[in-house]
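One file, upload_5.tsv, carrying TSV, N, CA and C atoms:
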```
chain	number	residue	atom	x	y	z
A	1	MET	N	44.39	258.01	76.34
A	1	MET	CA	45.53	257.55	75.56
A	1	MET	C	45.71	256.06	75.82
A	2	SER	N	45.93	255.29	74.80
A	2	SER	CA	46.17	253.86	75.02
A	2	SER	C	47.65	253.57	74.82
A	3	TYR	N	48.14	252.64	75.63
A	3	TYR	CA	49.55	252.32	75.65
A	3	TYR	C	50.01	251.68	74.34
A	4	LYS	N	51.19	252.09	73.89
A	4	LYS	CA	51.86	251.47	72.75
A	4	LYS	C	53.27	251.09	73.22
A	5	LEU	N	53.75	249.94	72.77
A	5	LEU	CA	55.09	249.49	73.16
A	5	LEU	C	56.11	250.61	72.96
A	6	GLY	N	56.92	250.85	73.99
A	6	GLY	CA	57.96	251.86	73.91
A	6	GLY	C	57.54	253.23	74.37
A	7	ASP	N	56.25	253.42	74.72
A	7	ASP	CA	55.81	254.73	75.20
A	7	ASP	C	56.66	255.17	76.38
A	8	LYS	N	56.92	256.46	76.43
A	8	LYS	CA	57.65	257.07	77.54
A	8	LYS	C	56.66	257.84	78.41
A	9	TRP	N	57.12	258.22	79.61
A	9	TRP	CA	56.24	258.94	80.52
A	9	TRP	C	55.70	260.19	79.87
A	10	SER	N	54.42	260.44	80.12
A	10	SER	CA	53.78	261.70	79.76
A	10	SER	C	52.71	261.95	80.82
A	11	ARG	N	52.15	263.12	80.81
A	11	ARG	CA	51.11	263.46	81.78
A	11	ARG	C	49.92	262.51	81.66
A	12	THR	N	49.70	261.97	80.47
A	12	THR	CA	48.56	261.09	80.23
A	12	THR	C	48.99	259.64	79.99
A	13	PHE	N	50.15	259.26	80.52
A	13	PHE	CA	50.67	257.91	80.30
A	13	PHE	C	49.66	256.86	80.76
A	14	ASP	N	49.50	255.82	79.96
A	14	ASP	CA	48.53	254.75	80.24
A	14	ASP	C	49.20	253.64	81.06
A	15	TYR	N	49.24	253.82	82.38
A	15	TYR	CA	49.86	252.82	83.26
A	15	TYR	C	49.11	251.49	83.19
A	16	ASP	N	47.79	251.55	83.21
A	16	ASP	CA	47.00	250.32	83.14
A	16	ASP	C	47.31	249.56	81.85
A	17	GLY	N	47.37	250.27	80.74
A	17	GLY	CA	47.65	249.63	79.46
A	17	GLY	C	49.03	249.00	79.44
A	18	MET	N	50.00	249.67	80.02
A	18	MET	CA	51.35	249.11	80.07
A	18	MET	C	51.36	247.83	80.90
A	19	LEU	N	50.71	247.86	82.06
A	19	LEU	CA	50.67	246.69	82.92
A	19	LEU	C	49.88	245.55	82.28
A	20	GLU	N	48.80	245.88	81.57
A	20	GLU	CA	48.04	244.85	80.87
A	20	GLU	C	48.91	244.19	79.80
A	21	ASN	N	49.70	244.98	79.08
A	21	ASN	CA	50.65	244.40	78.13
A	21	ASN	C	51.64	243.51	78.86
A	22	GLY	N	52.04	243.92	80.05
A	22	GLY	CA	52.95	243.12	80.85
A	22	GLY	C	52.37	241.78	81.23
A	23	THR	N	51.07	241.74	81.50
A	23	THR	CA	50.44	240.46	81.86
A	23	THR	C	50.34	239.54	80.65
A	24	GLU	N	50.36	240.12	79.45
A	24	GLU	CA	50.22	239.34	78.22
A	24	GLU	C	51.56	239.00	77.56
A	25	ALA	N	52.64	239.61	78.03
A	25	ALA	CA	53.96	239.39	77.43
A	25	ALA	C	54.31	237.90	77.50
A	26	SER	N	55.07	237.47	76.51
A	26	SER	CA	55.39	236.05	76.40
A	26	SER	C	56.79	235.87	75.83
A	27	VAL	N	57.38	234.71	76.10
A	27	VAL	CA	58.69	234.39	75.51
A	27	VAL	C	58.56	234.23	73.99
A	28	LYS	N	57.34	234.18	73.49
A	28	LYS	CA	57.12	234.09	72.04
A	28	LYS	C	57.20	235.45	71.36
A	29	TRP	N	57.16	236.54	72.15
A	29	TRP	CA	57.29	237.88	71.58
A	29	TRP	C	58.71	238.06	71.06
A	30	SER	N	58.86	238.99	70.13
A	30	SER	CA	60.21	239.30	69.65
A	30	SER	C	61.00	239.99	70.76
A	31	ILE	N	62.30	239.82	70.72
A	31	ILE	CA	63.16	240.49	71.70
A	31	ILE	C	62.99	242.00	71.59
A	32	GLU	N	62.81	242.50	70.38
A	32	GLU	CA	62.63	243.94	70.18
A	32	GLU	C	61.39	244.45	70.90
A	33	ASP	N	60.26	243.71	70.77
A	33	ASP	CA	59.03	244.14	71.46
A	33	ASP	C	59.18	244.05	72.97
A	34	LEU	N	59.81	243.00	73.45
A	34	LEU	CA	60.04	242.88	74.89
A	34	LEU	C	60.93	244.01	75.39
A	35	GLN	N	61.92	244.39	74.60
A	35	GLN	CA	62.81	245.49	74.99
A	35	GLN	C	62.04	246.81	75.04
A	36	LEU	N	61.14	247.03	74.09
A	36	LEU	CA	60.32	248.25	74.10
A	36	LEU	C	59.44	248.28	75.35
A	37	LEU	N	58.85	247.14	75.70
A	37	LEU	CA	58.03	247.06	76.90
A	37	LEU	C	58.90	247.34	78.14
A	38	TYR	N	60.06	246.73	78.19
A	38	TYR	CA	60.98	246.96	79.30
A	38	TYR	C	61.35	248.44	79.41
A	39	ASN	N	61.64	249.08	78.29
A	39	ASN	CA	62.00	250.50	78.29
A	39	ASN	C	60.89	251.35	78.90
A	40	SER	N	59.64	251.03	78.58
A	40	SER	CA	58.52	251.78	79.16
A	40	SER	C	58.47	251.59	80.67
A	41	PHE	N	58.61	250.34	81.13
A	41	PHE	CA	58.57	250.08	82.57
A	41	PHE	C	59.67	250.86	83.28
A	42	GLU	N	60.85	250.87	82.73
A	42	GLU	CA	61.96	251.59	83.35
A	42	GLU	C	61.73	253.10	83.31
A	43	ASP	N	61.18	253.61	82.21
A	43	ASP	CA	60.98	255.04	82.06
A	43	ASP	C	60.00	255.59	83.08
A	44	VAL	N	59.01	254.79	83.47
A	44	VAL	CA	58.03	255.26	84.45
A	44	VAL	C	58.33	254.70	85.85
A	45	ASN	N	59.57	254.23	86.04
A	45	ASN	CA	60.07	253.81	87.35
A	45	ASN	C	59.36	252.59	87.93
A	46	TYR	N	58.95	251.67	87.08
A	46	TYR	CA	58.38	250.40	87.55
A	46	TYR	C	59.50	249.36	87.54
A	47	HIS	N	60.54	249.64	88.31
A	47	HIS	CA	61.74	248.80	88.30
A	47	HIS	C	61.48	247.41	88.88
A	48	LYS	N	60.66	247.34	89.92
A	48	LYS	CA	60.38	246.05	90.55
A	48	LYS	C	59.77	245.09	89.53
A	49	GLU	N	58.78	245.56	88.80
A	49	GLU	CA	58.12	244.71	87.80
A	49	GLU	C	59.07	244.38	86.65
A	50	ALA	N	59.91	245.34	86.28
A	50	ALA	CA	60.78	245.18	85.11
A	50	ALA	C	61.93	244.20	85.33
A	51	GLY	N	62.27	243.91	86.57
A	51	GLY	CA	63.43	243.06	86.86
A	51	GLY	C	63.36	241.69	86.21
A	52	HIS	N	62.23	241.01	86.35
A	52	HIS	CA	62.10	239.68	85.76
A	52	HIS	C	62.03	239.75	84.23
A	53	LEU	N	61.45	240.84	83.71
A	53	LEU	CA	61.42	241.00	82.25
A	53	LEU	C	62.83	241.13	81.72
A	54	TRP	N	63.65	241.92	82.40
A	54	TRP	CA	65.05	242.09	81.98
A	54	TRP	C	65.77	240.74	81.96
A	55	ALA	N	65.56	239.97	83.02
A	55	ALA	CA	66.22	238.66	83.11
A	55	ALA	C	65.75	237.74	81.97
A	56	ALA	N	64.45	237.77	81.66
A	56	ALA	CA	63.94	236.94	80.56
A	56	ALA	C	64.54	237.36	79.22
A	57	ILE	N	64.65	238.67	79.01
A	57	ILE	CA	65.24	239.17	77.77
A	57	ILE	C	66.69	238.69	77.64
A	58	GLN	N	67.44	238.76	78.73
A	58	GLN	CA	68.84	238.33	78.69
A	58	GLN	C	68.94	236.85	78.35
A	59	GLU	N	68.06	236.04	78.89
A	59	GLU	CA	68.05	234.61	78.57
A	59	GLU	C	67.69	234.38	77.10
A	60	LEU	N	66.69	235.11	76.61
A	60	LEU	CA	66.26	234.94	75.22
A	60	LEU	C	67.34	235.38	74.23
A	61	LYS	N	68.13	236.35	74.62
A	61	LYS	CA	69.21	236.82	73.75
A	61	LYS	C	70.28	235.75	73.55
A	62	LYS	N	70.29	234.75	74.40
A	62	LYS	CA	71.26	233.65	74.25
A	62	LYS	C	70.89	232.74	73.08
A	63	GLY	N	69.68	232.91	72.55
A	63	GLY	CA	69.31	232.20	71.33
A	63	GLY	C	68.25	231.14	71.44
A	64	SER	N	67.79	230.82	72.65
A	64	SER	CA	66.73	229.82	72.74
A	64	SER	C	65.85	230.13	73.95
A	65	VAL	N	64.66	229.54	73.93
A	65	VAL	CA	63.73	229.73	75.04
A	65	VAL	C	64.07	228.69	76.10
A	66	THR	N	64.61	229.16	77.20
A	66	THR	CA	65.01	228.27	78.29
A	66	THR	C	63.95	228.24	79.38
A	67	GLU	N	64.06	227.29	80.27
A	67	GLU	CA	63.16	227.23	81.42
A	67	GLU	C	63.33	228.48	82.29
A	68	THR	N	64.55	228.98	82.36
A	68	THR	CA	64.80	230.20	83.13
A	68	THR	C	64.05	231.38	82.51
A	69	ALA	N	64.08	231.48	81.18
A	69	ALA	CA	63.35	232.56	80.51
A	69	ALA	C	61.85	232.44	80.77
A	70	ARG	N	61.33	231.24	80.70
A	70	ARG	CA	59.90	231.02	80.98
A	70	ARG	C	59.56	231.39	82.42
A	71	TYR	N	60.41	230.97	83.35
A	71	TYR	CA	60.20	231.28	84.76
A	71	TYR	C	60.19	232.79	84.98
A	72	ASP	N	61.20	233.49	84.44
A	72	ASP	CA	61.27	234.95	84.61
A	72	ASP	C	60.07	235.65	83.98
A	73	MET	N	59.63	235.17	82.82
A	73	MET	CA	58.47	235.79	82.17
A	73	MET	C	57.21	235.55	83.00
A	74	ASP	N	57.05	234.36	83.55
A	74	ASP	CA	55.90	234.07	84.41
A	74	ASP	C	55.91	234.97	85.64
A	75	LYS	N	57.08	235.17	86.23
A	75	LYS	CA	57.19	236.06	87.39
A	75	LYS	C	56.86	237.50	87.01
A	76	PHE	N	57.33	237.92	85.84
A	76	PHE	CA	57.02	239.27	85.34
A	76	PHE	C	55.51	239.42	85.16
A	77	ASN	N	54.88	238.46	84.49
A	77	ASN	CA	53.42	238.51	84.28
A	77	ASN	C	52.70	238.60	85.62
A	78	ALA	N	53.13	237.80	86.59
A	78	ALA	CA	52.48	237.79	87.91
A	78	ALA	C	52.68	239.13	88.63
A	79	ASP	N	53.88	239.70	88.53
A	79	ASP	CA	54.13	241.01	89.16
A	79	ASP	C	53.22	242.08	88.56
A	80	CYS	N	53.05	242.05	87.25
A	80	CYS	CA	52.17	243.03	86.58
A	80	CYS	C	50.73	242.84	87.03
A	81	GLU	N	50.30	241.59	87.11
A	81	GLU	CA	48.94	241.29	87.56
A	81	GLU	C	48.73	241.78	88.98
A	82	LYS	N	49.70	241.56	89.84
A	82	LYS	CA	49.60	241.99	91.24
A	82	LYS	C	49.52	243.52	91.33
A	83	THR	N	50.38	244.20	90.58
A	83	THR	CA	50.36	245.67	90.60
A	83	THR	C	49.03	246.20	90.09
A	84	LEU	N	48.51	245.60	89.02
A	84	LEU	CA	47.20	246.02	88.49
A	84	LEU	C	46.10	245.84	89.54
A	85	SER	N	46.15	244.75	90.27
A	85	SER	CA	45.11	244.47	91.26
A	85	SER	C	45.20	245.41	92.47
A	86	GLU	N	46.35	246.03	92.67
A	86	GLU	CA	46.55	246.90	93.82
A	86	GLU	C	46.22	248.37	93.53
A	87	PHE	N	45.88	248.69	92.28
A	87	PHE	CA	45.59	250.08	91.95
A	87	PHE	C	44.31	250.52	92.65
A	88	THR	N	44.46	251.44	93.59
A	88	THR	CA	43.30	252.03	94.23
A	88	THR	C	43.39	253.54	94.24
A	89	GLN	N	44.59	254.05	94.06
A	89	GLN	CA	44.81	255.49	94.07
A	89	GLN	C	45.22	255.96	92.69
A	90	PRO	N	44.91	257.20	92.34
A	90	PRO	CA	45.38	257.74	91.06
A	90	PRO	C	46.90	257.71	90.99
A	91	GLU	N	47.44	257.48	89.83
A	91	GLU	CA	48.89	257.41	89.66
A	91	GLU	C	49.53	258.80	89.72
A	92	THR	N	48.85	259.81	89.20
A	92	THR	CA	49.38	261.17	89.22
A	92	THR	C	48.28	262.14	89.61
A	93	LYS	N	48.65	263.33	89.96
A	93	LYS	CA	47.64	264.32	90.32
A	93	LYS	C	46.74	264.66	89.14
A	94	PHE	N	47.20	264.40	87.93
A	94	PHE	CA	46.41	264.72	86.75
A	94	PHE	C	45.29	263.71	86.55
A	95	ASP	N	45.34	262.58	87.27
A	95	ASP	CA	44.30	261.56	87.15
A	95	ASP	C	43.15	261.83	88.12
A	96	THR	N	43.21	262.91	88.86
A	96	THR	CA	42.23	263.19	89.90
A	96	THR	C	41.45	264.45	89.56
A	97	ASP	N	40.19	264.46	89.94
A	97	ASP	CA	39.37	265.64	89.79
A	97	ASP	C	39.65	266.55	90.99
A	98	TRP	N	40.34	267.62	90.75
A	98	TRP	CA	40.74	268.50	91.84
A	98	TRP	C	39.72	269.59	92.16
A	99	ASP	N	38.57	269.57	91.49
A	99	ASP	CA	37.56	270.60	91.73
A	99	ASP	C	37.00	270.54	93.15
A	100	ASP	N	37.08	269.37	93.77
A	100	ASP	CA	36.51	269.22	95.11
A	100	ASP	C	37.50	269.58	96.21
A	101	ASP	N	38.72	269.89	95.86
A	101	ASP	CA	39.72	270.22	96.87
A	101	ASP	C	39.47	271.60	97.45
A	102	ILE	N	39.86	271.76	98.70
A	102	ILE	CA	39.77	273.06	99.34
A	102	ILE	C	40.98	273.87	98.91
A	103	ASP	N	40.74	275.04	98.42
A	103	ASP	CA	41.81	275.93	98.01
A	103	ASP	C	42.43	276.54	99.27
A	104	ASP	N	43.74	276.56	99.34
A	104	ASP	CA	44.43	277.12	100.50
A	104	ASP	C	44.01	278.56	100.77
A	105	TRP	N	43.60	279.27	99.75
A	105	TRP	CA	43.23	280.67	99.92
A	105	TRP	C	41.86	280.80	100.57
A	106	ASP	N	41.08	279.69	100.60
A	106	ASP	CA	39.75	279.73	101.21
A	106	ASP	C	39.81	279.55	102.72
A	107	ILE	N	40.95	279.15	103.24
A	107	ILE	CA	41.07	278.91	104.67
A	107	ILE	C	41.51	280.20	105.35
A	108	VAL	N	40.74	280.58	106.36
A	108	VAL	CA	41.04	281.82	107.08
A	108	VAL	C	41.38	281.45	108.52
A	109	ALA	N	42.54	281.88	108.94
A	109	ALA	CA	42.97	281.61	110.31
A	109	ALA	C	42.25	282.55	111.26
A	110	PRO	N	41.86	282.03	112.44
A	110	PRO	CA	41.21	282.93	113.42
A	110	PRO	C	42.20	283.96	113.94
A	111	ILE	N	41.67	285.11	114.30
A	111	ILE	CA	42.54	286.21	114.77
A	111	ILE	C	42.54	286.26	116.28
```

Please render this file's structure as structure tokens.
Amino acid sequence: MSYKLGDKWSRTFDYDGMLENGTEASVKWSIEDLQLLYNSFEDVNYHKEAGHLWAAIQELKKGSVTETARYDMDKFNADCEKTLSEFTQPETKFDTDWDDDIDDWDIVAPI
């Protein structure tokens, strides 16, 4: 599944795609698109990354692109890039091949 702005959590949610969109987000995007991206981050509990995006949106809603909005967007982009670079573990159990796991029923306790 590939990420689309505004996607909500699902078993097959595209975390990488959302974060990649986060690295590409810009103050040139519409407020509506930025809000959809923000909603996705919040829905999947990426609050740390979403904080600077929220601040940038609030600045942009004032009607102009300010240095503060640019700063917050740059911080948001950097947070997304950092989170993407730190991915080493599957995000959910559904992202893992569980065929290699030992089934609890296969373990026999000594008598």

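Pairwise distance (atom CA of Lys62 of chain A, atom CA of Asn45 of chain A) equals 26.5 Å.
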
query: Counting only N, CA and C atoms, what is within 8 Å of Leu34 of chain A, bar same-chain residues fewer than 3 positions away, as a PyMOL selection string?
result: chain A and resi 25-26+29-31+37-40+53-54+57

message: Between atom N of Met18 of chain A and atom N of Glu67 of chain A, what distance in Å does the model show, to one decimal?
response: 26.4 Å

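Of note, atom N of Glu32 of chain A and atom C of Lys82 of chain A are spaced 24.8 Å apart.
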
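Nearest to Val27 of chain A of all the residues A:Asp43, A:Glu81, A:Asp7, A:Asp74 is A:Asp74, based on all atoms listed in the file.
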
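You can rank A:Ala55, A:Met73, A:Leu36, A:Leu19 by their closest distance to Gly6 of chain A using all atoms listed in the file, and at the top of that list sits A:Leu36.
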
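Across A:His47, A:Leu84, A:Gln58, A:Asn77, the tightest approach to Tyr15 of chain A is made by A:Leu84 when counting all atoms listed in the file.
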
message: Which residue is closest to Glu49 of chain A? Choose from A:Lys28, A:Lys61, A:Lys75, A:Arg70 and count all atoms listed in the file.
response: A:Lys75

If the box runs along x, y and z of the file and leaves 8 Å on each side of segment 42-47 of chain A, what are its centre and edge lengths in Å, one decimal, as JSON?
```
{"center_x": 60.0, "center_y": 251.5, "center_z": 85.5, "size_x": 19.9, "size_y": 24.2, "size_z": 22.8}
```

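Checking A:Glu42, A:Leu60, A:Ala78, A:Asp33 one by one against Trp9 of chain A, counting all atoms listed in the file, you find the shortest gap at A:Glu42.
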